[in-house]
Amino acid sequence: MKKLTLLVAVIATSFTTFAQVGIGTTTPHASAALDITSTTSGLLPPRMTQVQRNAIATPAAGLIVYCTNCGANGELQFYNGTSWVNMVGDAAAAGPVTFSFNGLTYQEVTSSTTGEIWLDRNLGATQVATSSTDAASYGDLYQWGRNTDGHQIRGSSIAGGPVTSGSEGTNFITNGGGDWLSSSPQDDTRWNSGTEVAPVKVTANDPCPSGFRVPTETEIEAERNNGGTGFWGTGSAQNNALGAFNSALKLPVAGYRNNSTGDLTTVDSYGNLWSSTVSGALARLLYFYSSSATMYSSNRAHGFSVRCIKE
């Protein structure tokens, strides 16, 4: 307590005598009321949510805060006397990017690992996962290469296949042989633009909203692997369903729909996330459960989750 009192007294004396304060320096610059000098640390402003920021009573012009959920990845902002303004550029301060798609509201989230922008939940999910087994966050289950036509709904009707393109209707097409689509050779282009580097959206069949697309294997693997340390840098012990949920994407164990029977399988235990990448007659996906997370090849007639990435 004595040390704190002494520090306050020193600062007060500095302001009174010199109208200047130096932290990390005994010779603050003449133009600065406060001069902080350091080569190992930075200045950390108050961090708060948009709701907390808006609750500040009569903010002073020039007041600075870091809004943790404003914009895609938080924003450093100041009050200009009328409104909150982002300090990068001059756009008015806004909340997280939010939009409606197929009757549901989504937000953008930015991965701290790669800087990529993703949807905050699986397609068809009514909310962001609050736990790994949050059923409301599971969303729909898509067969590889199909758009949002009704087949992705967990209780959709089943029809035997394979079928020709355009005749699938709203059914989940079963085929123990692998692909719901009958084609020789197989159509590898329905979600895949043919490159893992700078891929583009295959618009006709991609189920993602405008400005987003189904991610490539490379993009999903960059999130999972993070230079070999497991999900989002949390260590090898997190390279599993726990790491998937603890990541910025909040991936749940949504299970999948079996390609032979159409039955829901491994719900609450396993998560499966389609990529746009093909592998021979199969397609690549992220597969995770309590003990592991890895990229895997599987039959295209399976129904797996889709999480969209920004173009």
# chains A, B, ... in the order shown; residues from 1 in each chain; ligands from 1
call {"tool": "select_by_dssp", "arguments": {"residues": "segment 213-305 of chain A", "states": "strand (DSSP E or B)", "output": "count of residues only"}}
result
30
call {"tool": "select_by_dssp", "arguments": {"residues": "segment 129-297 of chain A", "states": "helix (DSSP H, G or I)", "output": "list in words"}}
result
Ala135, Ala136, Ser137, Glu217, Thr218, Glu219, Ile220, Glu221, Ala222, Glu223, Arg224, Asn225, Asn226, Gly227, Gly228, Phe231, Trp232, Gly233, Ser236, Ala237, Gln238, Ala241, Leu242, Gly243, Ala244, Phe245 and Asn246 of chain A
call {"tool": "write_last_selection", "arguments": {"atoms": "C-alpha atoms", "output": "mmCIF file, in the first residue's frame"}}
result
data_model
loop_
_atom_site.group_PDB
_atom_site.id
_atom_site.type_symbol
_atom_site.label_atom_id
_atom_site.label_comp_id
_atom_site.auth_asym_id
_atom_site.auth_seq_id
_atom_site.Cartn_x
_atom_site.Cartn_y
_atom_site.Cartn_z
ATOM 1 C CA ALA A 135 -27.492 -30.644 -31.335
ATOM 2 C CA ALA A 136 -28.699 -27.203 -32.448
ATOM 3 C CA SER A 137 -25.251 -26.593 -33.946
ATOM 4 C CA GLU A 217 -8.544 -29.940 -48.251
ATOM 5 C CA THR A 218 -5.543 -27.607 -48.037
ATOM 6 C CA GLU A 219 -7.592 -24.894 -46.342
ATOM 7 C CA ILE A 220 -9.126 -27.263 -43.790
ATOM 8 C CA GLU A 221 -5.796 -28.946 -43.122
ATOM 9 C CA ALA A 222 -4.141 -25.569 -42.491
ATOM 10 C CA GLU A 223 -6.639 -25.007 -39.670
ATOM 11 C CA ARG A 224 -6.278 -28.489 -38.221
ATOM 12 C CA ASN A 225 -2.527 -28.875 -38.443
ATOM 13 C CA ASN A 226 -1.244 -25.355 -37.651
ATOM 14 C CA GLY A 227 2.334 -26.233 -38.412
ATOM 15 C CA GLY A 228 2.111 -29.652 -36.785
ATOM 16 C CA PHE A 231 -5.995 -27.605 -33.775
ATOM 17 C CA TRP A 232 -5.282 -23.868 -33.662
ATOM 18 C CA GLY A 233 -1.985 -24.193 -31.822
ATOM 19 C CA SER A 236 -1.177 -32.304 -29.831
ATOM 20 C CA ALA A 237 -3.584 -33.212 -27.021
ATOM 21 C CA GLN A 238 -6.140 -30.992 -28.777
ATOM 22 C CA ALA A 241 -12.956 -33.383 -31.150
ATOM 23 C CA LEU A 242 -12.072 -31.205 -28.152
ATOM 24 C CA GLY A 243 -9.665 -29.193 -30.276
ATOM 25 C CA ALA A 244 -12.285 -28.906 -33.019
ATOM 26 C CA PHE A 245 -14.743 -27.373 -30.573
ATOM 27 C CA ASN A 246 -12.154 -25.160 -28.858
#
call {"tool": "residues_around", "arguments": {"residues": "Ser269 of chain A", "least_positions_apart": "2", "cutoff": "7 Å", "atoms": "only C-alpha atoms", "output": "JSON, numbers by chain"}}
result
{"A": [253, 255, 266, 267, 289]}
call {"tool": "closest_atom_pairs", "arguments": {"of": "segment 62-164 of chain A", "to": "segment 170-174 of chain A", "cutoff": "10 Å", "atoms": "only C-alpha atoms", "output": "tab-separated table"}}
result
residue	atom	partner	partner_atom	distance
A:Leu141	CA	A:Phe172	CA	9.7
A:Tyr142	CA	A:Phe172	CA	8.8
A:Gln143	CA	A:Phe172	CA	7.9
A:Thr148	CA	A:Thr170	CA	9.0
A:Asp149	CA	A:Thr170	CA	5.5
A:Gly150	CA	A:Thr170	CA	4.7
A:His151	CA	A:Phe172	CA	4.7
A:Gln152	CA	A:Phe172	CA	7.2
A:Ile153	CA	A:Phe172	CA	8.7
A:Arg154	CA	A:Phe172	CA	9.2
A:Gly155	CA	A:Phe172	CA	9.2
A:Ser156	CA	A:Asn171	CA	6.3
A:Ser157	CA	A:Asn171	CA	5.1
A:Ile158	CA	A:Phe172	CA	4.8
A:Ala159	CA	A:Ile173	CA	5.0
A:Gly160	CA	A:Thr174	CA	5.0
A:Gly161	CA	A:Thr174	CA	5.5
A:Pro162	CA	A:Ile173	CA	6.8
A:Val163	CA	A:Ile173	CA	7.7
call {"tool": "atom_distance", "arguments": {"atom1": "atom CA of Ala283 of chain A", "atom2": "atom CA of Ser297 of chain A"}}
result
5.4 Å
call {"tool": "atom_distance", "arguments": {"atom1": "atom CA of Thr277 of chain A", "atom2": "atom CA of Asp206 of chain A"}}
result
12.8 Å
